[in-house]
Protein chains: 2
Amino acid sequence: MNRVIPALAALSLAATTQAETVAPLPPLERVADNALEGDKNAWDFVEGITTEVGQRQAGTEAEARGRAWAVAWLKAKGFKNVADEPFMMPTWIPGEPGRAEIVSPFPQSLAVAPLGDSASTGPEGITAEVVMFKSVAELQAAPEGSLKGKIAFVSNAMTRTQDGSQYGFAGPTRWVASGIAASKGAAATVIKSVGTDLHRNPHTGGTDFPEGVTPTPAGALSNPDAANLERMFQRAGGKPITMKLVLTPQNLGQTQSGNVVGEIVGFNRSLPPVLLACHLDSWWMGTGAVDDGAGCAIIAAAALNAGKAGQPLRTIRVLFAGAEETGLWGSAAYSKAHLSEPIAVGLESDFGADRIWRFDSNFRETNPALHKKIAAAVARFGVSAGSDVAGGGADLNIVRDQKGALVDLQQDGTRYFDLHHTPDDTLDKIDPVQLRQNVAVWTQVVGILANEGMSIQTGTPIPSAPAIAGQ
Amino acid sequence: MNRVIPALAALSLAATTQAETVAPLPPLERVADNALEGDKNAWDFVEGITTEVGQRQAGTEAEARGRAWAVAWLKAKGFKNVADEPFMMPTWIPGEPGRAEIVSPFPQSLAVAPLGDSASTGPEGITAEVVMFKSVAELQAAPEGSLKGKIAFVSNAMTRTQDGSQYGFAGPTRWVASGIAASKGAAATVIKSVGTDLHRNPHTGGTDFPEGVTPTPAGALSNPDAANLERMFQRAGGKPITMKLVLTPQNLGQTQSGNVVGEIVGFNRSLPPVLLACHLDSWWMGTGAVDDGAGCAIIAAAALNAGKAGQPLRTIRVLFAGAEETGLWGSAAYSKAHLSEPIAVGLESDFGADRIWRFDSNFRETNPALHKKIAAAVARFGVSAGSDVAGGGADLNIVRDQKGALVDLQQDGTRYFDLHHTPDDTLDKIDPVQLRQNVAVWTQVVGILANEGMSIQTGTPIPSAPAIAGQ
C-alpha cells in the first residue's frame, strides 16, 4: 500500500520548507480538516440545485432539468467522464394537491397527500365512512370484505430515533397498509404520516399493492390532522365519521430517467473504482434538499477534496442515481448496465445532512486492518466505530449484486423524519456546519479507500491488477 | 375592601374543622393552585372546538358553528346569561388554495396564501416580472409608476422575541406593503411571511388598501419559499424573474357574525362587571388553537374557577368576540351595543397558550395598592410586575372607549409567531402544563378583581354603588 505518490511528497516538502519548525499534516488529513472549516462545494451544490431546479419528481421534466444541472455542475468543477446514462421506468405523478374533508359529524378539511403508486379517486372524489386501525396488525386482523366501500385509516405513530431504526417499525404503515386494506375491499386508505414532526405537512412515499390487488387511492394525513381524526373518533360517541377524499395521481407509463456519473480519475485505472452514491430525484412537495440533494453534495465535495490531496490510486466515481424514490429504478438500471465491471467499495449518502456519528463496514472481519485504519482516521471528527455490518444505501445495488465491499457513514437522523418526503424538505433545514462535518469525514474515508491498493474486502493483493501502478 | 364574603368564610371554617393543625389557604389561592395542577376545563374547550369545529373564518358558516358550539359549552359548564349577540360585517373568503410558480429562469412552485382583503387574480392568474424590495421603506422609495404591471416582493424578515414586540417591526410588511405597491402600479404583491418559523406554511393575516387605492392580489410566501426567491435573485445574474400568481379570494358582502357572552353572576349586580375577552374566529388554514381557541379556553376556565372560590362580588363576563382577525368587527360591535354599560376592568387572552411571565395594568399609578396586591398574588406562578401601561387586547374596544381599567397578563411569545395565522395553528402546539399556568394566573387575578368593591382605577368608593352588597 503506497499512499504517498510523487505529487503529494512534493507538496509536503514545500510546506516543510516554508515552516520548518511545524511538522505538516499528511495531505489527506489536512484536506479533510480544511473541509471541516471551509468546504464550499457541498453548499454550492445543494443551494444551487434546490434554488435553480427545486423538486425533481422521478421520470418528469423536472428530474431531467436536475440531471442537466448536475452534469453542468460536475463538468464545471473538473469531474471527468461526466455522463447522463438514460433508462426507462414507469412514471407516477401526484396530480392536483390532495384534499380530505370530514363531511360529518365534524366538518373540516384535513391536510393530505397521495402516496406514490396511489390510484386516483377522480376529481369528484370518494365519500365514505372511515374505519380506524391502530396498527397494521390490527388492520390485518380485520375480516375479509369487512372494509367494503370504506376508507381505512391506520394511525400507527413513529418515534424519533438517532439511527433512524424506527423507519422499520413505522414504515410498514405506508408500505403495506393500503395493499392490505384494498385486499379487504377498502375503497381507499389514509395513514398517519410516517414522520416525527407536528406540522401540517403530510409525508408521502411509495406504497405497494401486491400482485392481484387492484390499487386504490392511498394518502398520508399530516400528523396533526391524523391526531385530530383520532380525537374525532373519541368524541363522535359511536356516530360514523364520513370523509370525502380527492386524490388525482396519474400513471404516465414508461418515461425516461437517468443516472448521472462523473469521475476523479485514479492513478491506476486497472483497479476497480470507489463508488460514491446518492440520488438526484426527490418527491414533488419539497425541493429535495435533505433527501437527497445533500447526499449528492457531500459525495461530490468529498470526491473533489480527495483529488486535492493528489491524484488517488483508484478512480473515485460519483453516481447520482435517478428515480430512487419511486422504486430504486436508477439503482437497478446501473447494476444491470455495469454488473460486469467490478466496484472496489460502495458508499452512499442518503440520510440528510446532519453529522456523522458512526462508521460501519462489511469488511470488519475480513480486512480488520483497513477497518481499524478508517476508524482511527475518523475519530477526530467525533465518529465512533460501530459493530453493524454495513448494508449500503439504496443506490448501491451494483455492489450488493457483486457481493462487494460496503461502508456506511451513519448520520444523525434525529430530525430526519421531521422532514422526510414533506414540503418542508428545503435548504434552510441544512446546517452548514454539520454539512461540512459530513464532507470532512467523507473526504477522509474516500481518500483512504481510493489509495488502497489491496482488495478492500480481504486486504490481499488483487490477482488481476498489475503489481506496480501505471499512469 | 372586603374580599371575604359569607360563602367563602363558611368554606374556610369547614376546612379548618376537618384539618385543624394545618391552616387552610385562602379559598381563591387554593383554587388557583389547584388549577395549576388539575384544571381540565381549558383543555376541554380548546380540544373540543378545534376537533369538533376546526377553522372558524370570520363571517362564514364555520364561525357560526363555532359560536353555537361555544354557547352550548358555556351553558353546559354553568355560565349564566349566555347569548350570541349578532352583528353584520363585510366578509372576505380565501377561495382556492393559492399558487405561485416561478416561470423563468428557475421553474418551480412556491407555497403562497392570500392575505385578508387581497383581490383575486382570477383562476387564470397573473404572470409578471417580480421586483424585490428588502423593506417597506425601500418599496416606499420606489418611483411612482415604476411597478406598473409588476409583482412587488418585500423580503423583510421577523426576529423571534419573547414579548412579541417584533410584530410591530415586521408587521408593516403585511399591513401596508400591498397598498403601497398598488399605489405605484403593481399588479400584485407577495411578501415574506410575517413569522419566525422555517416551514412551508405561509402566514396570512389582514392587509390594507388605503382609500382610493384599488385592491390588488396580495399573498404571503412561506419563509423557506421567500428565501428561495431571494436566492434566485442572487443566482439569476440580472435575468428577469417571472412569476405566475393565482389567488382567488372573494368578497361576500355583508354577512352575520356574532359575539358570544356568558357570565358568572356576581353578588352585587349594581357593580360594573369584570370583562374577560378573547376571539372565537380564526383564519381558515389552521384550526384556531393558539389563535385564539386557547385564549377563550383560558378565560372561561378562569371564570369558572373564580366562581368555585365562592360567588364573587362582581359579575365576571366572558366575551368570545367574533370576526377579530378580519377587522376587529366584533370588538367594535360590542362597544357600540354596550358603551353605556360601565365595565370595571378588561383583560384579554390572545397570544397563544405559553406561560404568563409579566403582569401590567393601567392603574399602577392611580391605584397602586391594588396593582401591588395583584403583583404579590401572582409572584408564586413566576409572574413579575412590569412597568408598561396595559393597553388591553383587540377585543376590548369597549373598555378603551370608556377609558376604563385594563390588565395585561403577558404570555411568552417566543414561539407564537412560528404558528400565527398558519396551517400549523393546531392543538398539538399547546403545552397542557403551560396552558394550566395561564388558567392559574388568570384565576388568581380575576378572583381578586371580581371581589374588589372599590373603583379599580382609583381605589376609591364607586359613587353609584350601594355601600353594602346585596344578593
# chains A, B, ... in the order shown; residues from 1 in each chain; ligands from 1

call {"tool": "select_by_dssp", "arguments": {"residues": "stretch 211-447 of chain B", "states": "helix (DSSP H, G or I)", "output": "ChimeraX atom specification"}}
result
/B:223-235,289-308,329-338,368-381,397-401,416-419,427-429,432-447

call {"tool": "write_last_selection", "arguments": {"atoms": "C-alpha atoms", "output": "tab-separated table (two decimals), in the first residue's frame"}}
result
chain	number	residue	atom	x	y	z
B	223	ASN	CA	-40.33	31.76	4.77
B	224	PRO	CA	-38.45	28.92	3.01
B	225	ASP	CA	-40.05	29.94	-0.29
B	226	ALA	CA	-39.29	33.62	0.24
B	227	ALA	CA	-35.67	32.69	0.99
B	228	ASN	CA	-35.60	30.62	-2.19
B	229	LEU	CA	-36.89	33.57	-4.21
B	230	GLU	CA	-34.20	35.81	-2.70
B	231	ARG	CA	-31.54	33.27	-3.72
B	232	MET	CA	-32.99	33.22	-7.23
B	233	PHE	CA	-32.30	36.95	-7.48
B	234	GLN	CA	-28.70	36.29	-6.39
B	235	ARG	CA	-28.30	33.49	-8.94
B	289	ALA	CA	-55.91	26.52	18.57
B	290	VAL	CA	-53.35	29.08	19.73
B	291	ASP	CA	-55.12	31.95	17.93
B	292	ASP	CA	-57.37	32.10	19.77
B	293	GLY	CA	-59.09	28.93	20.96
B	294	ALA	CA	-56.59	28.86	23.82
B	295	GLY	CA	-57.48	32.40	24.88
B	296	CYS	CA	-61.19	31.60	25.11
B	297	ALA	CA	-60.31	28.37	26.94
B	298	ILE	CA	-58.17	30.23	29.49
B	299	ILE	CA	-60.66	32.98	30.28
B	300	ALA	CA	-63.60	30.59	30.51
B	301	ALA	CA	-61.72	28.20	32.80
B	302	ALA	CA	-60.54	31.09	34.97
B	303	ALA	CA	-64.07	32.49	35.28
B	304	LEU	CA	-65.34	29.07	36.36
B	305	ASN	CA	-62.53	28.75	38.88
B	306	ALA	CA	-63.11	32.22	40.31
B	307	GLY	CA	-66.71	31.11	40.83
B	308	LYS	CA	-65.54	27.97	42.64
B	329	TRP	CA	-65.65	43.78	13.84
B	330	GLY	CA	-66.83	42.01	16.98
B	331	SER	CA	-64.92	44.34	19.27
B	332	ALA	CA	-66.43	47.37	17.54
B	333	ALA	CA	-69.94	45.90	17.56
B	334	TYR	CA	-69.72	45.04	21.25
B	335	SER	CA	-68.59	48.54	22.18
B	336	LYS	CA	-71.31	50.12	20.06
B	337	ALA	CA	-74.01	47.96	21.63
B	338	HIS	CA	-72.86	48.27	25.26
B	368	PRO	CA	-51.04	51.33	43.47
B	369	ALA	CA	-52.42	49.24	46.34
B	370	LEU	CA	-54.46	47.03	44.01
B	371	HIS	CA	-51.66	46.84	41.47
B	372	LYS	CA	-49.26	45.69	44.22
B	373	LYS	CA	-51.77	43.25	45.60
B	374	ILE	CA	-52.13	41.56	42.21
B	375	ALA	CA	-48.39	41.56	41.66
B	376	ALA	CA	-47.83	39.90	45.03
B	377	ALA	CA	-50.53	37.31	44.37
B	378	VAL	CA	-49.16	36.11	41.01
B	379	ALA	CA	-45.49	36.05	42.05
B	380	ARG	CA	-45.74	32.39	43.11
B	381	PHE	CA	-46.56	31.48	39.49
B	397	ASN	CA	-62.59	48.37	22.42
B	398	ILE	CA	-65.43	48.95	24.87
B	399	VAL	CA	-63.02	49.42	27.78
B	400	ARG	CA	-60.76	51.72	25.79
B	401	ASP	CA	-63.83	53.65	24.58
B	416	TYR	CA	-46.09	32.32	18.91
B	417	PHE	CA	-45.04	33.71	15.54
B	418	ASP	CA	-43.97	30.26	14.38
B	419	LEU	CA	-47.67	29.40	14.33
B	427	LEU	CA	-53.99	21.63	19.14
B	428	ASP	CA	-50.70	19.76	19.34
B	429	LYS	CA	-48.88	23.11	19.66
B	432	PRO	CA	-51.02	21.47	28.69
B	433	VAL	CA	-48.70	22.42	31.56
B	434	GLN	CA	-48.29	25.99	30.31
B	435	LEU	CA	-51.99	26.22	29.49
B	436	ARG	CA	-52.78	25.39	33.13
B	437	GLN	CA	-50.29	28.02	34.35
B	438	ASN	CA	-52.30	30.55	32.36
B	439	VAL	CA	-55.52	29.35	33.96
B	440	ALA	CA	-53.99	29.52	37.43
B	441	VAL	CA	-52.71	33.08	36.98
B	442	TRP	CA	-55.98	34.22	35.42
B	443	THR	CA	-57.95	32.57	38.24
B	444	GLN	CA	-55.92	34.45	40.82
B	445	VAL	CA	-56.17	37.82	39.05
B	446	VAL	CA	-59.82	37.54	38.08
B	447	GLY	CA	-60.71	36.42	41.59

call {"tool": "residues_around", "arguments": {"residues": "A:Ser165", "least_positions_apart": "3", "cutoff": "12 Å", "atoms": "only C-alpha atoms", "output": "PDB file with C-alpha atoms, in the first residue's frame"}}
result
ATOM      1  CA  MET A 158     -43.367   6.901  14.640  1.00  0.00           C
ATOM      2  CA  THR A 159     -40.890   7.653  17.414  1.00  0.00           C
ATOM      3  CA  ARG A 160     -37.790   9.805  16.989  1.00  0.00           C
ATOM      4  CA  THR A 161     -34.512   7.836  16.887  1.00  0.00           C
ATOM      5  CA  GLN A 162     -30.938   8.849  16.167  1.00  0.00           C
ATOM      6  CA  GLY A 168     -38.514  -0.184  10.072  1.00  0.00           C
ATOM      7  CA  PHE A 169     -41.144  -0.096  12.811  1.00  0.00           C
ATOM      8  CA  ALA A 170     -43.412   2.630  11.440  1.00  0.00           C
ATOM      9  CA  GLY A 171     -42.669   2.314   7.735  1.00  0.00           C
ATOM     10  CA  GLN A 410     -24.115   6.784   9.713  1.00  0.00           C
ATOM     11  CA  ASP A 412     -27.591  11.617  12.979  1.00  0.00           C
ATOM     12  CA  GLY A 413     -31.200  11.008  11.964  1.00  0.00           C
ATOM     13  CA  THR A 414     -32.845  12.611  14.998  1.00  0.00           C
ATOM     14  CA  TYR A 416     -34.528  13.486   9.545  1.00  0.00           C
ATOM     15  CA  PHE A 417     -38.062  12.113   9.785  1.00  0.00           C
TER      16      PHE A 417
END

call {"tool": "closest_atom_pairs", "arguments": {"of": "chain B", "to": "chain A", "cutoff": "6 Å", "atoms": "only C-alpha atoms", "output": "CSV"}}
result
residue,atom,partner,partner_atom,distance
B:Thr51,CA,A:Asn228,CA,5.9
B:Glu52,CA,A:Phe106,CA,4.9
B:Val53,CA,A:Phe106,CA,6.0
B:Gly54,CA,A:Gln108,CA,6.0
B:Phe106,CA,A:Glu52,CA,4.9
B:Gln108,CA,A:Gly54,CA,6.0
B:His199,CA,A:Asp424,CA,5.7
B:Arg200,CA,A:Asp424,CA,5.6
B:Asn228,CA,A:Thr51,CA,5.8
B:Asp424,CA,A:Arg200,CA,5.6

call {"tool": "write_last_selection", "arguments": {"atoms": "N, CA, C and O atoms", "output": "CSV table (one decimal), in the first residue's frame"}}
result
chain,number,residue,atom,x,y,z
B,51,THR,N,-61.4,20.2,17.5
B,51,THR,CA,-61.7,18.9,16.9
B,51,THR,C,-63.1,18.9,16.3
B,51,THR,O,-63.3,18.4,15.2
B,52,GLU,N,-64.0,19.5,17.0
B,52,GLU,CA,-65.4,19.4,16.5
B,52,GLU,C,-65.8,20.5,15.6
B,52,GLU,O,-66.8,20.4,14.9
B,53,VAL,N,-65.1,21.6,15.5
B,53,VAL,CA,-65.4,22.7,14.6
B,53,VAL,C,-64.2,22.9,13.7
B,53,VAL,O,-64.4,23.0,12.5
B,54,GLY,N,-63.0,23.1,14.2
B,54,GLY,CA,-61.9,23.4,13.3
B,54,GLY,C,-61.8,24.9,13.0
B,54,GLY,O,-62.2,25.7,13.8
B,106,PHE,N,-36.0,29.8,-13.3
B,106,PHE,CA,-35.8,28.6,-12.4
B,106,PHE,C,-37.2,28.1,-12.1
B,106,PHE,O,-37.7,28.2,-11.0
B,108,GLN,N,-40.3,26.5,-10.7
B,108,GLN,CA,-40.7,25.7,-9.6
B,108,GLN,C,-41.8,26.4,-8.9
B,108,GLN,O,-42.0,27.6,-9.1
B,199,HIS,N,-41.1,26.7,8.0
B,199,HIS,CA,-41.9,25.7,7.5
B,199,HIS,C,-42.6,26.2,6.2
B,199,HIS,O,-42.7,27.4,6.0
B,200,ARG,N,-43.1,25.3,5.4
B,200,ARG,CA,-43.7,25.7,4.1
B,200,ARG,C,-45.1,26.1,4.4
B,200,ARG,O,-46.1,25.7,3.6
B,228,ASN,N,-36.0,31.2,-0.9
B,228,ASN,CA,-35.6,30.6,-2.2
B,228,ASN,C,-35.7,31.7,-3.3
B,228,ASN,O,-34.8,31.8,-4.1
B,424,ASP,N,-50.4,25.5,10.7
B,424,ASP,CA,-49.8,24.8,11.8
B,424,ASP,C,-50.4,25.2,13.2
B,424,ASP,O,-50.0,24.7,14.2

call {"tool": "atom_distance", "arguments": {"atom1": "atom CA of A:Asn41", "atom2": "atom CA of A:Ile430"}}
result
14.1 Å

call {"tool": "atom_distance", "arguments": {"atom1": "atom CA of B:Ala58", "atom2": "atom CA of B:Gly322"}}
result
6.8 Å

call {"tool": "select_by_dssp", "arguments": {"residues": "stretch 337-378 of chain A", "states": "strand (DSSP E or B)", "output": "number ranges by chain"}}
result
A: 345-348, 356-361

call {"tool": "atom_distance", "arguments": {"atom1": "atom CA of A:Leu319", "atom2": "atom CA of A:Arg358"}}
result
22.7 Å

call {"tool": "residues_around", "arguments": {"residues": "stretch 214-222 of chain A", "least_positions_apart": "5", "cutoff": "6 Å", "atoms": "only C-alpha atoms", "output": "count of residues only"}}
result
19

call {"tool": "residues_around", "arguments": {"residues": "stretch 123-131 of chain B", "least_positions_apart": "2", "cutoff": "7 Å", "atoms": "only C-alpha atoms", "output": "short mmCIF file (atom, residue, chain, number, x, y, z; two decimals) with C-alpha atoms, in the first residue's frame"}}
result
data_model
loop_
_atom_site.label_atom_id
_atom_site.label_comp_id
_atom_site.auth_asym_id
_atom_site.auth_seq_id
_atom_site.Cartn_x
_atom_site.Cartn_y
_atom_site.Cartn_z
CA THR B 121 -56.18 37.24 -9.84
CA PHE B 133 -37.56 45.13 -2.04
CA GLY B 149 -47.63 45.63 -14.29
CA LYS B 150 -45.06 44.01 -11.99
CA ILE B 151 -45.29 41.84 -8.89
CA ALA B 152 -43.70 43.52 -5.87
CA PHE B 153 -41.88 41.20 -3.45
CA PRO B 240 -35.77 38.89 -15.04
CA ILE B 241 -37.62 36.56 -12.66
CA THR B 242 -41.15 35.86 -13.80
CA MET B 243 -43.88 34.55 -11.52
CA LYS B 244 -47.35 33.21 -12.17
CA LEU B 245 -49.60 34.01 -9.21
CA VAL B 246 -53.08 32.55 -8.70
CA LEU B 247 -55.13 33.88 -5.77
CA THR B 248 -58.91 33.60 -5.90
#

call {"tool": "residues_around", "arguments": {"residues": "A:Ser361", "least_positions_apart": "4", "cutoff": "7 Å", "atoms": "only C-alpha atoms", "output": "list in words"}}
result
Val389, Ala390, Leu406, Val407 and Asp408 of chain A

call {"tool": "residues_around", "arguments": {"residues": "A:Val261", "least_positions_apart": "6", "cutoff": "9 Å", "atoms": "only C-alpha atoms", "output": "MDAnalysis selection string"}}
result
chainID A and resid 71 74 81:85 317:321

call {"tool": "write_last_selection", "arguments": {"atoms": "N, CA, C and O atoms", "output": "mmCIF file, in the first residue's frame"}}
result
data_model
loop_
_atom_site.group_PDB
_atom_site.id
_atom_site.type_symbol
_atom_site.label_atom_id
_atom_site.label_comp_id
_atom_site.auth_asym_id
_atom_site.auth_seq_id
_atom_site.Cartn_x
_atom_site.Cartn_y
_atom_site.Cartn_z
ATOM 1 N N VAL A 71 -25.016 17.622 -14.352
ATOM 2 C CA VAL A 71 -23.969 17.371 -15.355
ATOM 3 C C VAL A 71 -23.126 18.633 -15.542
ATOM 4 O O VAL A 71 -21.885 18.586 -15.524
ATOM 5 N N LEU A 74 -20.921 19.217 -12.375
ATOM 6 C CA LEU A 74 -19.780 18.290 -12.281
ATOM 7 C C LEU A 74 -18.685 18.682 -13.277
ATOM 8 O O LEU A 74 -17.492 18.689 -12.938
ATOM 9 N N ASN A 81 -15.286 12.272 -17.402
ATOM 10 C CA ASN A 81 -16.201 11.200 -17.824
ATOM 11 C C ASN A 81 -17.622 11.430 -17.288
ATOM 12 O O ASN A 81 -18.302 10.496 -16.857
ATOM 13 N N VAL A 82 -18.019 12.683 -17.285
ATOM 14 C CA VAL A 82 -19.365 13.014 -16.811
ATOM 15 C C VAL A 82 -20.376 12.557 -17.857
ATOM 16 O O VAL A 82 -20.205 12.800 -19.055
ATOM 17 N N ALA A 83 -21.404 11.871 -17.408
ATOM 18 C CA ALA A 83 -22.408 11.348 -18.346
ATOM 19 C C ALA A 83 -23.758 11.251 -17.664
ATOM 20 O O ALA A 83 -23.853 11.177 -16.446
ATOM 21 N N ASP A 84 -24.780 11.267 -18.480
ATOM 22 C CA ASP A 84 -26.161 11.026 -18.024
ATOM 23 C C ASP A 84 -26.601 9.754 -18.727
ATOM 24 O O ASP A 84 -26.858 9.763 -19.932
ATOM 25 N N GLU A 85 -26.616 8.661 -17.997
ATOM 26 C CA GLU A 85 -26.911 7.353 -18.600
ATOM 27 C C GLU A 85 -28.416 7.096 -18.507
ATOM 28 O O GLU A 85 -28.935 6.820 -17.416
ATOM 29 N N ARG A 317 -15.651 7.418 -8.361
ATOM 30 C CA ARG A 317 -16.802 7.695 -9.238
ATOM 31 C C ARG A 317 -17.990 8.096 -8.386
ATOM 32 O O ARG A 317 -18.305 7.440 -7.397
ATOM 33 N N VAL A 318 -18.648 9.193 -8.774
ATOM 34 C CA VAL A 318 -19.913 9.547 -8.114
ATOM 35 C C VAL A 318 -21.057 9.057 -8.992
ATOM 36 O O VAL A 318 -20.985 9.117 -10.224
ATOM 37 N N LEU A 319 -22.071 8.537 -8.343
ATOM 38 C CA LEU A 319 -23.294 8.086 -9.024
ATOM 39 C C LEU A 319 -24.464 8.844 -8.410
ATOM 40 O O LEU A 319 -24.812 8.612 -7.250
ATOM 41 N N PHE A 320 -25.020 9.796 -9.176
ATOM 42 C CA PHE A 320 -26.239 10.493 -8.763
ATOM 43 C C PHE A 320 -27.391 9.723 -9.406
ATOM 44 O O PHE A 320 -27.753 9.953 -10.562
ATOM 45 N N ALA A 321 -27.958 8.769 -8.662
ATOM 46 C CA ALA A 321 -28.963 7.878 -9.249
ATOM 47 C C ALA A 321 -30.264 8.616 -9.540
ATOM 48 O O ALA A 321 -30.636 9.558 -8.836
#
